[in-house]
>>> print(open('entry.txt').read())   # compact mmCIF, C-alpha atoms
# COMPACT_ATOMS: atom_id res chain seq x y z
CA MET A 24 13.40 -14.49 22.06
CA ASN A 25 11.87 -17.52 20.38
CA LEU A 26 11.21 -16.77 16.68
CA TRP A 27 7.61 -17.96 16.88
CA LEU A 28 7.01 -15.49 19.69
CA VAL A 29 8.63 -12.67 17.71
CA VAL A 30 6.33 -13.42 14.78
CA PHE A 31 3.30 -13.62 17.06
CA PHE A 32 4.05 -10.24 18.63
CA ALA A 33 4.90 -8.71 15.26
CA GLY A 34 1.47 -9.80 14.05
CA LEU A 35 -0.23 -8.47 17.15
CA LEU A 36 1.57 -5.15 16.82
CA THR A 37 0.66 -4.83 13.15
CA PHE A 38 -2.96 -5.73 13.84
CA CYS A 39 -3.23 -3.23 16.72
CA THR A 40 -1.78 -0.49 14.52
CA ARG A 41 -4.40 -1.26 11.88
CA LEU A 42 -7.24 -1.40 14.38
CA SER A 43 -6.11 1.66 16.39
CA PHE A 44 -8.09 4.56 14.94
CA ILE A 45 -10.93 2.41 13.63
CA LEU A 46 -11.88 1.90 17.29
CA LEU A 47 -10.45 5.11 18.77
CA LEU A 48 -12.23 7.63 16.54
CA ASP A 49 -15.58 6.26 17.71
CA ARG A 50 -14.68 6.84 21.33
CA ILE A 51 -12.48 9.90 21.66
CA LYS A 52 -12.99 13.49 20.57
CA VAL A 53 -10.33 14.67 18.15
CA PRO A 54 -9.67 18.24 17.06
CA ASP A 55 -11.48 19.46 13.97
CA TRP A 56 -8.29 19.76 11.87
CA PHE A 57 -7.61 16.08 12.51
CA ARG A 58 -10.92 15.07 10.95
CA ARG A 59 -10.47 17.46 8.04
CA GLY A 60 -6.95 16.14 7.49
CA LEU A 61 -8.24 12.60 6.94
CA ARG A 62 -9.54 13.62 3.52
CA PHE A 63 -5.95 14.09 2.36
CA VAL A 64 -4.61 10.73 3.60
CA PRO A 65 -5.14 8.73 0.38
CA ALA A 66 -3.67 11.40 -1.91
CA ALA A 67 -0.69 12.08 0.37
CA VAL A 68 0.19 8.49 1.27
CA LEU A 69 -0.25 7.11 -2.23
CA ALA A 70 1.78 9.95 -3.78
CA ALA A 71 4.45 9.28 -1.16
CA ILE A 72 4.53 5.60 -2.17
CA ILE A 73 4.43 6.25 -5.93
CA MET A 74 7.17 8.87 -6.31
CA PRO A 75 10.10 6.91 -4.80
CA GLN A 76 9.09 3.85 -6.82
CA LEU A 77 9.18 5.81 -10.08
CA SER A 78 12.44 7.57 -9.35
CA THR A 79 14.56 4.71 -8.02
CA HIS A 80 15.82 1.57 -9.61
CA ASN A 81 17.26 -1.17 -7.36
CA ALA A 82 17.12 1.38 -4.54
CA VAL A 83 19.29 3.89 -6.43
CA LEU A 84 17.87 7.34 -7.21
CA ASP A 85 17.75 8.01 -10.95
CA LEU A 86 16.13 11.25 -12.13
CA SER A 87 17.93 11.23 -15.48
CA PHE A 88 16.25 10.98 -18.87
CA ARG A 89 17.49 7.39 -19.05
CA ASN A 90 15.05 6.25 -16.34
CA PRO A 91 12.14 4.70 -18.30
CA GLN A 92 9.96 4.54 -15.17
CA LEU A 93 9.63 8.34 -15.16
CA TYR A 94 8.18 8.44 -18.70
CA ALA A 95 5.93 5.46 -18.06
CA GLY A 96 4.73 7.03 -14.79
CA ALA A 97 4.00 10.35 -16.52
CA LEU A 98 2.03 8.57 -19.23
CA ALA A 99 0.10 6.65 -16.56
CA VAL A 100 -0.76 9.90 -14.76
CA PHE A 101 -2.04 11.34 -18.04
CA THR A 102 -4.04 8.19 -18.85
CA ALA A 103 -5.57 8.05 -15.37
CA TRP A 104 -6.50 11.73 -15.58
CA ARG A 105 -8.15 11.43 -19.01
CA THR A 106 -9.80 8.01 -18.73
CA LYS A 107 -10.21 7.31 -14.97
CA ASN A 108 -9.75 3.67 -16.01
CA VAL A 109 -7.53 1.45 -13.84
CA LEU A 110 -6.83 -1.32 -16.37
CA LEU A 111 -6.12 1.16 -19.15
CA THR A 112 -3.72 3.07 -16.89
CA ILE A 113 -1.83 -0.08 -15.90
CA SER A 114 -1.66 -1.29 -19.51
CA ALA A 115 -0.48 2.08 -20.85
CA GLY A 116 2.16 2.39 -18.13
CA MET A 117 3.44 -1.18 -18.56
CA ALA A 118 3.53 -0.91 -22.36
CA ALA A 119 5.39 2.41 -22.11
CA LEU A 120 7.90 0.95 -19.66
CA LEU A 121 8.66 -2.06 -21.88
CA VAL A 122 8.91 -0.03 -25.10
CA ILE A 123 11.10 2.68 -23.58
CA GLN A 124 13.33 0.11 -21.86
CA PHE A 125 13.78 -1.55 -25.22
CA LEU A 126 14.49 1.73 -27.03
CA LEU A 127 16.99 2.92 -24.41
CA GLY A 128 18.63 -0.51 -24.65
CA ILE A 129 19.38 -0.18 -28.35
CA LEU A 130 20.32 3.52 -28.23
CA MET B 24 -28.28 0.61 -2.43
CA THR B 25 -25.98 -2.01 -3.84
CA THR B 26 -26.53 -5.52 -2.52
CA ARG B 27 -23.96 -7.29 -0.35
CA PRO B 28 -22.84 -9.92 -2.89
CA ARG B 29 -22.50 -7.20 -5.53
CA GLU B 30 -20.32 -5.09 -3.26
CA PHE B 31 -18.23 -8.13 -2.32
CA TRP B 32 -17.59 -9.17 -5.92
CA SER B 33 -16.83 -5.59 -7.01
CA GLY B 34 -14.17 -5.56 -4.30
CA VAL B 35 -12.75 -8.85 -5.57
CA ARG B 36 -12.75 -7.60 -9.16
CA ASP B 37 -11.17 -4.22 -8.39
CA GLU B 38 -8.42 -5.81 -6.29
CA THR B 39 -7.47 -8.33 -8.99
CA PRO B 40 -5.21 -6.22 -11.28
CA ILE B 41 -2.94 -5.23 -8.39
CA LEU B 42 -2.24 -8.91 -7.67
CA LEU B 43 0.05 -8.94 -10.70
CA GLY B 44 2.34 -6.69 -8.69
CA VAL B 45 1.77 -8.37 -5.32
CA ILE B 46 2.38 -12.01 -6.26
CA PRO B 47 6.06 -11.46 -7.18
CA PHE B 48 6.60 -9.95 -3.73
CA GLY B 49 4.96 -12.97 -2.10
CA LEU B 50 7.30 -15.24 -4.07
CA ILE B 51 10.30 -13.11 -3.10
CA PHE B 52 9.30 -13.18 0.57
CA GLY B 53 8.87 -16.98 0.55
CA ALA B 54 12.23 -17.49 -1.13
CA LEU B 55 13.94 -14.96 1.15
CA ALA B 56 12.54 -16.57 4.30
CA ILE B 57 13.90 -19.97 3.26
CA ASN B 58 17.29 -18.40 2.45
CA ALA B 59 17.30 -16.87 5.94
CA HIS B 60 16.86 -20.43 7.31
CA ILE B 61 13.39 -19.69 8.66
CA ALA B 62 11.48 -22.97 9.05
CA TYR B 63 8.88 -23.22 6.29
CA PRO B 64 5.82 -23.44 8.54
CA LEU B 65 6.99 -20.26 10.28
CA ALA B 66 7.53 -18.49 6.95
CA GLN B 67 3.94 -19.28 5.99
CA VAL B 68 2.68 -18.27 9.44
CA MET B 69 4.46 -14.91 9.05
CA SER B 70 2.35 -14.23 5.97
CA SER B 71 -0.88 -15.06 7.76
CA ILE B 72 -0.14 -13.51 11.17
CA ILE B 73 1.82 -10.39 10.17
CA PHE B 74 0.30 -10.06 6.67
CA ALA B 75 2.36 -7.01 5.70
CA GLY B 76 4.76 -7.42 2.79
CA ALA B 77 7.40 -4.80 3.42
CA SER B 78 7.81 -5.57 7.11
CA GLN B 79 7.90 -9.33 6.47
CA ILE B 80 10.73 -8.93 3.96
CA ILE B 81 12.66 -6.71 6.38
CA ALA B 82 11.95 -9.15 9.24
CA ALA B 83 13.17 -12.13 7.20
CA GLN B 84 16.42 -10.32 6.46
CA MET B 85 16.88 -9.34 10.11
CA ILE B 86 16.15 -12.88 11.29
CA GLY B 87 18.74 -14.13 8.80
CA ALA B 88 21.24 -11.64 10.20
CA GLY B 89 20.50 -12.76 13.76
CA THR B 90 18.99 -9.45 14.91
CA SER B 91 17.43 -9.54 18.38
CA GLY B 92 13.67 -10.04 18.70
CA LEU B 93 12.98 -6.71 20.37
CA VAL B 94 14.78 -4.76 17.64
CA ILE B 95 12.81 -6.66 14.99
CA LEU B 96 9.55 -5.77 16.75
CA LEU B 97 10.50 -2.11 17.05
CA ILE B 98 11.39 -1.88 13.36
CA ILE B 99 8.23 -3.70 12.26
CA PHE B 100 6.25 -1.26 14.36
CA ILE B 101 7.88 1.72 12.62
CA VAL B 102 7.52 0.21 9.13
CA ASN B 103 3.81 -0.38 9.78
CA LEU B 104 3.01 2.99 11.37
CA ARG B 105 1.50 4.17 8.10
CA HIS B 106 -1.31 1.70 8.76
CA ALA B 107 -2.44 3.90 11.64
CA LEU B 108 -3.07 6.58 9.03
CA TYR B 109 -5.12 4.12 6.96
CA SER B 110 -6.99 3.17 10.10
CA ALA B 111 -7.92 6.79 10.79
CA SER B 112 -8.82 7.33 7.16
CA VAL B 113 -11.29 4.41 6.90
CA SER B 114 -12.66 4.86 10.42
CA PRO B 115 -15.47 7.35 9.60
CA HIS B 116 -16.76 4.92 6.95
CA LEU B 117 -16.97 1.98 9.37
CA ARG B 118 -19.04 3.66 12.09
CA HIS B 119 -22.16 1.63 11.43
CA ILE B 120 -20.69 -1.89 11.49
CA SER B 121 -20.17 -4.21 14.46
CA THR B 122 -16.92 -4.53 16.40
CA GLY B 123 -16.44 -8.02 14.99
CA TRP B 124 -16.52 -6.61 11.46
CA LYS B 125 -14.12 -3.83 12.46
CA VAL B 126 -11.64 -6.37 13.83
CA LEU B 127 -11.86 -8.46 10.67
CA LEU B 128 -11.44 -5.49 8.33
CA ALA B 129 -8.55 -4.10 10.43
CA TYR B 130 -6.74 -7.41 9.95
CA LEU B 131 -7.18 -7.02 6.17
CA LEU B 132 -6.06 -3.36 6.08
CA THR B 133 -2.98 -3.55 3.81
CA ASP B 134 -1.65 -0.85 1.46
CA GLU B 135 -3.22 -2.51 -1.55
CA ALA B 136 -6.65 -3.17 -0.01
CA TYR B 137 -6.69 0.33 1.50
CA ALA B 138 -5.90 2.05 -1.81
CA VAL B 139 -8.68 0.22 -3.65
CA THR B 140 -11.25 0.43 -0.84
CA ILE B 141 -10.83 4.09 0.13
CA THR B 142 -11.24 4.99 -3.54
CA HIS B 143 -14.53 3.09 -3.53
CA TYR B 144 -15.69 4.79 -0.32
CA ASN B 145 -14.99 8.19 -1.86
CA ARG B 146 -17.04 7.42 -4.95
CA GLU B 147 -20.77 7.94 -5.09
CA GLY B 148 -23.20 5.36 -3.80
CA SER B 149 -24.70 4.48 -0.46
CA PRO B 150 -22.03 3.55 2.10
CA GLU B 151 -24.29 1.05 3.83
CA ASN B 152 -22.90 -2.17 2.30
CA LYS B 153 -19.47 -0.94 1.29
CA HIS B 154 -17.79 -2.95 4.05
CA TRP B 155 -18.58 -5.98 1.90
CA TYR B 156 -16.48 -4.39 -0.84
CA PHE B 157 -13.67 -3.93 1.72
CA LEU B 158 -14.00 -7.61 2.67
CA GLY B 159 -13.91 -8.67 -0.99
CA SER B 160 -10.78 -6.68 -1.80
CA GLY B 161 -9.09 -7.62 1.49
CA LEU B 162 -9.73 -11.35 1.14
CA THR B 163 -8.58 -11.33 -2.47
CA LEU B 164 -5.26 -9.82 -1.47
CA TRP B 165 -4.99 -12.13 1.55
CA THR B 166 -5.49 -15.26 -0.58
CA ALA B 167 -2.97 -14.12 -3.19
CA TRP B 168 -0.45 -13.33 -0.45
CA GLN B 169 -0.79 -16.75 1.23
CA VAL B 170 -0.60 -18.67 -2.06
CA SER B 171 2.34 -16.68 -3.42
CA THR B 172 4.23 -17.09 -0.13
CA ALA B 173 3.69 -20.86 -0.31
CA LEU B 174 4.90 -20.93 -3.93
CA GLY B 175 7.94 -18.83 -3.00
CA ILE B 176 8.77 -21.29 -0.22
CA ILE B 177 8.39 -24.31 -2.48
CA ILE B 178 9.78 -23.19 -5.85
CA GLY B 179 11.59 -19.94 -5.01
CA ALA B 180 11.17 -16.60 -6.73
CA GLN B 181 11.25 -17.84 -10.32
CA ILE B 182 10.22 -14.73 -12.20
CA PRO B 183 12.59 -13.47 -14.91
CA GLN B 184 14.30 -10.18 -14.00
CA SER B 185 13.18 -8.78 -17.35
CA TRP B 186 9.51 -8.86 -16.31
CA PRO B 187 9.02 -5.56 -14.49
CA LEU B 188 5.90 -6.74 -12.61
CA TYR B 189 6.86 -4.66 -9.55
CA PHE B 190 5.81 -1.67 -11.66
CA VAL B 191 2.14 -2.71 -11.51
CA LEU B 192 2.00 -1.44 -7.91
CA PRO B 193 2.87 2.25 -8.54
CA LEU B 194 0.76 2.17 -11.73
CA THR B 195 -2.31 0.94 -9.86
CA PHE B 196 -1.79 3.57 -7.17
CA ILE B 197 -1.54 6.24 -9.90
CA ALA B 198 -4.77 4.94 -11.46
CA LEU B 199 -6.52 5.20 -8.08
CA VAL B 200 -5.16 8.51 -6.84
CA VAL B 201 -5.13 10.73 -9.95
CA PRO B 202 -8.91 10.73 -10.63
CA ALA B 203 -9.50 11.59 -6.96
CA LEU B 204 -7.48 14.83 -7.22
CA LYS B 205 -10.43 17.09 -7.88
CA ASP B 206 -9.56 20.25 -5.97
CA LYS B 207 -6.56 22.48 -5.31
CA ALA B 208 -6.07 21.26 -1.75
CA SER B 209 -5.81 17.56 -2.61
CA ILE B 210 -3.54 18.27 -5.59
CA ALA B 211 -1.30 20.30 -3.28
CA ALA B 212 -1.31 17.43 -0.75
CA ALA B 213 -0.28 14.89 -3.41
CA VAL B 214 2.41 17.08 -5.00
CA THR B 215 3.94 17.96 -1.63
CA ALA B 216 3.93 14.33 -0.53
CA ALA B 217 5.56 13.29 -3.82
CA LEU B 218 8.31 15.91 -3.45
CA VAL B 219 9.01 15.13 0.21
CA GLY B 220 8.94 11.44 -0.73
CA LEU B 221 11.65 12.17 -3.28
CA LEU B 222 13.79 14.10 -0.79
CA THR B 223 13.52 11.39 1.87
CA ILE B 224 14.31 8.38 -0.32
CA GLY B 225 17.35 7.43 1.75
CA PHE B 226 15.38 7.35 5.02
CA PRO B 227 15.19 3.87 6.56
CA PHE B 228 12.11 1.79 7.45
CA LYS B 229 9.57 3.87 5.55
CA THR B 230 10.10 6.89 7.81
CA GLY B 231 10.45 8.96 4.61
CA LEU B 232 6.95 7.87 3.65
CA LEU B 233 5.63 9.02 7.03
CA ALA B 234 7.33 12.42 6.68
CA ALA B 235 6.00 12.78 3.12
CA ALA B 236 2.45 11.87 4.17
CA PHE B 237 2.62 14.27 7.12
CA PHE B 238 3.75 17.25 5.01
CA GLY B 239 1.26 16.33 2.28
CA ILE B 240 -1.68 16.31 4.67
CA LEU B 241 -0.47 19.53 6.32
CA THR B 242 -0.23 21.27 2.95
CA GLY B 243 -3.70 20.05 2.01
CA LEU B 244 -5.12 21.53 5.22
CA LEU B 245 -3.34 24.87 4.71
CA VAL B 246 -4.43 25.25 1.08
CA GLU B 247 -8.01 24.31 2.00
CA LYS B 248 -8.07 26.90 4.77
CA ARG B 249 -6.83 29.63 2.45
CA SER B 250 -9.35 28.93 -0.29
CA VAL B 251 -12.40 28.81 2.00
>>> encode(input="entry.txt", output="structure tokens")
Amino acid sequence: MNLWLVVFFAGLLTFCTRLSFILLLDRIKVPDWFRRGLRFVPAAVLAAIIMPQLSTHNAVLDLSFRNPQLYAGALAVFTAWRTKNVLLTISAGMAALLVIQFLLGIL
Amino acid sequence: MTTRPREFWSGVRDETPILLGVIPFGLIFGALAINAHIAYPLAQVMSSIIFAGASQIIAAQMIGAGTSGLVILLIIFIVNLRHALYSASVSPHLRHISTGWKVLLAYLLTDEAYAVTITHYNREGSPENKHWYFLGSGLTLWTAWQVSTALGIIIGAQIPQSWPLYFVLPLTFIALVVPALKDKASIAAAVTAALVGLLTIGFPFKTGLLAAAFFGILTGLLVEKRSV
């Protein structure tokens, strides 16, 4: 298949996936649990994205105490919980990552 | 009610920090596409037509490896299935807007715009003009993605390895999700999804993410049912 066509269809497919339920939920009746389940989508999907990113480095699982991302992530969770502030959470997490990377480097 | 321009610019502002994590990926994609001998106009077109980072990076690698078009399409479809979940999740908030708006916002429905926008929808305030916020955050990400792809094509991915900018993405998601965990059921959903996400790390094409989201949502529903 011509590469331009592949890209075109890949775009169409991606777009249709994104549009799917935005249009469908207006038109079809879905079971009650489906609607109630939607409330949990952000928490579940975002947690599912976050955890593997904290616990792997270069696609290798590292749950040891030498993985600075775990400490930085924990500090970010704490900061987000206490302050509800996005910029503060990012800054605290980044600062923690850099400092702990540095400390583990000289240990 | 918040005015339209105000909503739009709040969306732009709230999307901005996450760009620090997105731009390196745009650069990497641009550089990767050129390495895979994809013609540069096509590499740029991929970013505007597909507009989905993870699947573009996978597609560039598969194109470089000479994978057949149908296999590439199938894999992109699987990698992007999580967007159907986002679609369902924003759908109740978009009831009142026209189909044209829905089509436009669906095109802009990426991980990063979704995370920021759904958080805004779940906060207080009249939902009437919140689609302008969605547009603001979506367009901000879109612009950054197009520009960083172009830069990656032209100059390559010239960011020192020692700058862990990739880490801005999980940190922003943490900042968005943690304050929204206000009851037992949503905490249970997040913890379950995190654990299943950990167990399924080796799964290809983001299928682990789908499994984790599924079990997270299921757990949320079960805990909610028990505590009612």
>>> closest_atom_pairs(input="entry.txt", of="chain B", to="chain A", cutoff="6 Å", atoms="all atoms listed in the file", output="CSV")
residue,atom,partner,partner_atom,distance
B:Ile72,CA,A:Gly34,CA,5.0
B:Ile73,CA,A:Gly34,CA,3.9
B:Gly92,CA,A:Met24,CA,5.6
B:Leu96,CA,A:Ala33,CA,5.7
B:His106,CA,A:Arg41,CA,5.3
B:Ala107,CA,A:Thr40,CA,5.3
B:Ser110,CA,A:Phe44,CA,5.2
B:Ala111,CA,A:Phe44,CA,4.7
B:Ser112,CA,A:Leu61,CA,5.3
B:Ser114,CA,A:Ile45,CA,4.4
B:Ala129,CA,A:Leu42,CA,5.0
B:Tyr130,CA,A:Phe38,CA,5.7
B:Pro193,CA,A:Ile73,CA,5.0
B:Leu194,CA,A:Ile113,CA,5.4
B:Ala198,CA,A:Val109,CA,5.0
B:Val200,CA,A:Ala66,CA,5.9
B:Val201,CA,A:Trp104,CA,5.9
B:Pro202,CA,A:Trp104,CA,5.6
B:Ala212,CA,A:Ala67,CA,5.5
B:Ala213,CA,A:Ala67,CA,4.7
B:Ala216,CA,A:Ala71,CA,5.1
B:Ala217,CA,A:Ala71,CA,4.9
B:Gly220,CA,A:Ala71,CA,5.0
B:Leu221,CA,A:Pro75,CA,5.7
B:Leu232,CA,A:Ala71,CA,5.6
B:Ala235,CA,A:Ala71,CA,5.7
B:Ala236,CA,A:Ala67,CA,4.9
B:Gly239,CA,A:Ala67,CA,5.1
B:Ile240,CA,A:Phe63,CA,5.3
>>> closest_residue(input="entry.txt", among="B:Arg105, B:Trp186, B:Ile178, B:Ile120", to="Trp155 of chain B", atoms="all atoms listed in the file")
B:Ile120
>>> atom_distance(input="entry.txt", atom1="atom CA of Met69 of chain B", atom2="atom CA of Gly49 of chain B")
11.3 Å
>>> residues_near_point(input="entry.txt", point="(16.6, 0.4, -22.0)", cutoff="12 Å", atoms="only C-alpha atoms", output="PyMOL selection string")
(chain A and resi 88-92+119-130) or (chain B and resi 185)
>>> atom_distance(input="entry.txt", atom1="atom CA of Phe226 of chain B", atom2="atom CA of Leu131 of chain B")
26.8 Å
>>> residues_near_point(input="entry.txt", point="(-15.9, -6.1, 2.7)", cutoff="9 Å", atoms="only C-alpha atoms", output="ChimeraX atom specification")
/B:27,30-31,34,124,128,140,152-162
>>> build_atoms(input="entry.txt", residues="segment 84-116 of chain A", atoms="N, CA and C atoms", output="PDB file, keeping the file's coordinate frame")
ATOM      1  N   LEU A  84      18.626   6.216  -6.639  1.00  0.00           N
ATOM      2  CA  LEU A  84      17.870   7.340  -7.210  1.00  0.00           C
ATOM      3  C   LEU A  84      18.338   7.617  -8.629  1.00  0.00           C
ATOM      4  N   ASP A  85      17.393   7.710  -9.564  1.00  0.00           N
ATOM      5  CA  ASP A  85      17.750   8.010 -10.950  1.00  0.00           C
ATOM      6  C   ASP A  85      16.709   8.966 -11.536  1.00  0.00           C
ATOM      7  N   LEU A  86      17.059  10.261 -11.571  1.00  0.00           N
ATOM      8  CA  LEU A  86      16.130  11.250 -12.130  1.00  0.00           C
ATOM      9  C   LEU A  86      16.555  11.653 -13.534  1.00  0.00           C
ATOM     10  N   SER A  87      17.432  10.869 -14.160  1.00  0.00           N
ATOM     11  CA  SER A  87      17.930  11.230 -15.480  1.00  0.00           C
ATOM     12  C   SER A  87      16.928  10.839 -16.559  1.00  0.00           C
ATOM     13  N   PHE A  88      17.163  11.300 -17.773  1.00  0.00           N
ATOM     14  CA  PHE A  88      16.250  10.980 -18.870  1.00  0.00           C
ATOM     15  C   PHE A  88      16.381   9.513 -19.281  1.00  0.00           C
ATOM     16  N   ARG A  89      17.347   8.808 -18.712  1.00  0.00           N
ATOM     17  CA  ARG A  89      17.490   7.390 -19.050  1.00  0.00           C
ATOM     18  C   ARG A  89      16.680   6.483 -18.114  1.00  0.00           C
ATOM     19  N   ASN A  90      15.890   7.067 -17.214  1.00  0.00           N
ATOM     20  CA  ASN A  90      15.050   6.250 -16.340  1.00  0.00           C
ATOM     21  C   ASN A  90      13.668   6.067 -16.983  1.00  0.00           C
ATOM     22  N   PRO A  91      13.406   4.892 -17.570  1.00  0.00           N
ATOM     23  CA  PRO A  91      12.140   4.700 -18.300  1.00  0.00           C
ATOM     24  C   PRO A  91      10.916   4.778 -17.401  1.00  0.00           C
ATOM     25  N   GLN A  92      11.104   4.526 -16.090  1.00  0.00           N
ATOM     26  CA  GLN A  92       9.960   4.540 -15.170  1.00  0.00           C
ATOM     27  C   GLN A  92       9.336   5.922 -15.085  1.00  0.00           C
ATOM     28  N   LEU A  93      10.161   6.982 -15.246  1.00  0.00           N
ATOM     29  CA  LEU A  93       9.630   8.340 -15.160  1.00  0.00           C
ATOM     30  C   LEU A  93       8.679   8.628 -16.320  1.00  0.00           C
ATOM     31  N   TYR A  94       9.068   8.226 -17.540  1.00  0.00           N
ATOM     32  CA  TYR A  94       8.180   8.440 -18.700  1.00  0.00           C
ATOM     33  C   TYR A  94       6.907   7.625 -18.549  1.00  0.00           C
ATOM     34  N   ALA A  95       7.088   6.349 -18.180  1.00  0.00           N
ATOM     35  CA  ALA A  95       5.930   5.460 -18.060  1.00  0.00           C
ATOM     36  C   ALA A  95       4.981   5.981 -16.979  1.00  0.00           C
ATOM     37  N   GLY A  96       5.543   6.478 -15.874  1.00  0.00           N
ATOM     38  CA  GLY A  96       4.730   7.030 -14.790  1.00  0.00           C
ATOM     39  C   GLY A  96       3.972   8.262 -15.262  1.00  0.00           C
ATOM     40  N   ALA A  97       4.651   9.128 -16.017  1.00  0.00           N
ATOM     41  CA  ALA A  97       4.000  10.350 -16.520  1.00  0.00           C
ATOM     42  C   ALA A  97       2.851   9.981 -17.457  1.00  0.00           C
ATOM     43  N   LEU A  98       3.089   9.002 -18.319  1.00  0.00           N
ATOM     44  CA  LEU A  98       2.030   8.570 -19.230  1.00  0.00           C
ATOM     45  C   LEU A  98       0.844   7.981 -18.443  1.00  0.00           C
ATOM     46  N   ALA A  99       1.159   7.238 -17.385  1.00  0.00           N
ATOM     47  CA  ALA A  99       0.100   6.650 -16.560  1.00  0.00           C
ATOM     48  C   ALA A  99      -0.719   7.749 -15.872  1.00  0.00           C
ATOM     49  N   VAL A 100      -0.043   8.796 -15.389  1.00  0.00           N
ATOM     50  CA  VAL A 100      -0.760   9.900 -14.760  1.00  0.00           C
ATOM     51  C   VAL A 100      -1.715  10.537 -15.773  1.00  0.00           C
ATOM     52  N   PHE A 101      -1.218  10.748 -16.990  1.00  0.00           N
ATOM     53  CA  PHE A 101      -2.040  11.340 -18.040  1.00  0.00           C
ATOM     54  C   PHE A 101      -3.237  10.440 -18.366  1.00  0.00           C
ATOM     55  N   THR A 102      -2.966   9.137 -18.519  1.00  0.00           N
ATOM     56  CA  THR A 102      -4.040   8.190 -18.850  1.00  0.00           C
ATOM     57  C   THR A 102      -5.090   8.142 -17.747  1.00  0.00           C
ATOM     58  N   ALA A 103      -4.634   8.105 -16.493  1.00  0.00           N
ATOM     59  CA  ALA A 103      -5.570   8.050 -15.370  1.00  0.00           C
ATOM     60  C   ALA A 103      -6.425   9.310 -15.327  1.00  0.00           C
ATOM     61  N   TRP A 104      -5.787  10.446 -15.610  1.00  0.00           N
ATOM     62  CA  TRP A 104      -6.500  11.730 -15.580  1.00  0.00           C
ATOM     63  C   TRP A 104      -7.574  11.783 -16.663  1.00  0.00           C
ATOM     64  N   ARG A 105      -7.218  11.342 -17.890  1.00  0.00           N
ATOM     65  CA  ARG A 105      -8.150  11.430 -19.010  1.00  0.00           C
ATOM     66  C   ARG A 105      -9.225  10.347 -18.965  1.00  0.00           C
ATOM     67  N   THR A 106      -8.855   9.120 -18.585  1.00  0.00           N
ATOM     68  CA  THR A 106      -9.800   8.010 -18.730  1.00  0.00           C
ATOM     69  C   THR A 106     -10.423   7.534 -17.418  1.00  0.00           C
ATOM     70  N   LYS A 107      -9.781   7.819 -16.287  1.00  0.00           N
ATOM     71  CA  LYS A 107     -10.210   7.310 -14.970  1.00  0.00           C
ATOM     72  C   LYS A 107     -10.348   5.782 -14.987  1.00  0.00           C
ATOM     73  N   ASN A 108      -9.610   5.114 -15.855  1.00  0.00           N
ATOM     74  CA  ASN A 108      -9.750   3.670 -16.010  1.00  0.00           C
ATOM     75  C   ASN A 108      -8.492   2.960 -15.493  1.00  0.00           C
ATOM     76  N   VAL A 109      -8.669   2.078 -14.500  1.00  0.00           N
ATOM     77  CA  VAL A 109      -7.530   1.450 -13.840  1.00  0.00           C
ATOM     78  C   VAL A 109      -6.765   0.528 -14.796  1.00  0.00           C
ATOM     79  N   LEU A 110      -7.499  -0.352 -15.488  1.00  0.00           N
ATOM     80  CA  LEU A 110      -6.830  -1.320 -16.370  1.00  0.00           C
ATOM     81  C   LEU A 110      -6.098  -0.632 -17.519  1.00  0.00           C
ATOM     82  N   LEU A 111      -6.734   0.412 -18.050  1.00  0.00           N
ATOM     83  CA  LEU A 111      -6.120   1.160 -19.150  1.00  0.00           C
ATOM     84  C   LEU A 111      -4.835   1.843 -18.665  1.00  0.00           C
ATOM     85  N   THR A 112      -4.894   2.383 -17.443  1.00  0.00           N
ATOM     86  CA  THR A 112      -3.720   3.070 -16.890  1.00  0.00           C
ATOM     87  C   THR A 112      -2.568   2.094 -16.689  1.00  0.00           C
ATOM     88  N   ILE A 113      -2.879   0.917 -16.121  1.00  0.00           N
ATOM     89  CA  ILE A 113      -1.830  -0.080 -15.900  1.00  0.00           C
ATOM     90  C   ILE A 113      -1.251  -0.537 -17.240  1.00  0.00           C
ATOM     91  N   SER A 114      -2.141  -0.809 -18.209  1.00  0.00           N
ATOM     92  CA  SER A 114      -1.660  -1.290 -19.510  1.00  0.00           C
ATOM     93  C   SER A 114      -0.793  -0.245 -20.200  1.00  0.00           C
ATOM     94  N   ALA A 115      -1.251   1.013 -20.194  1.00  0.00           N
ATOM     95  CA  ALA A 115      -0.480   2.080 -20.850  1.00  0.00           C
ATOM     96  C   ALA A 115       0.890   2.221 -20.188  1.00  0.00           C
ATOM     97  N   GLY A 116       0.901   2.216 -18.854  1.00  0.00           N
ATOM     98  CA  GLY A 116       2.160   2.390 -18.130  1.00  0.00           C
ATOM     99  C   GLY A 116       3.117   1.226 -18.367  1.00  0.00           C
TER     100      GLY A 116
END
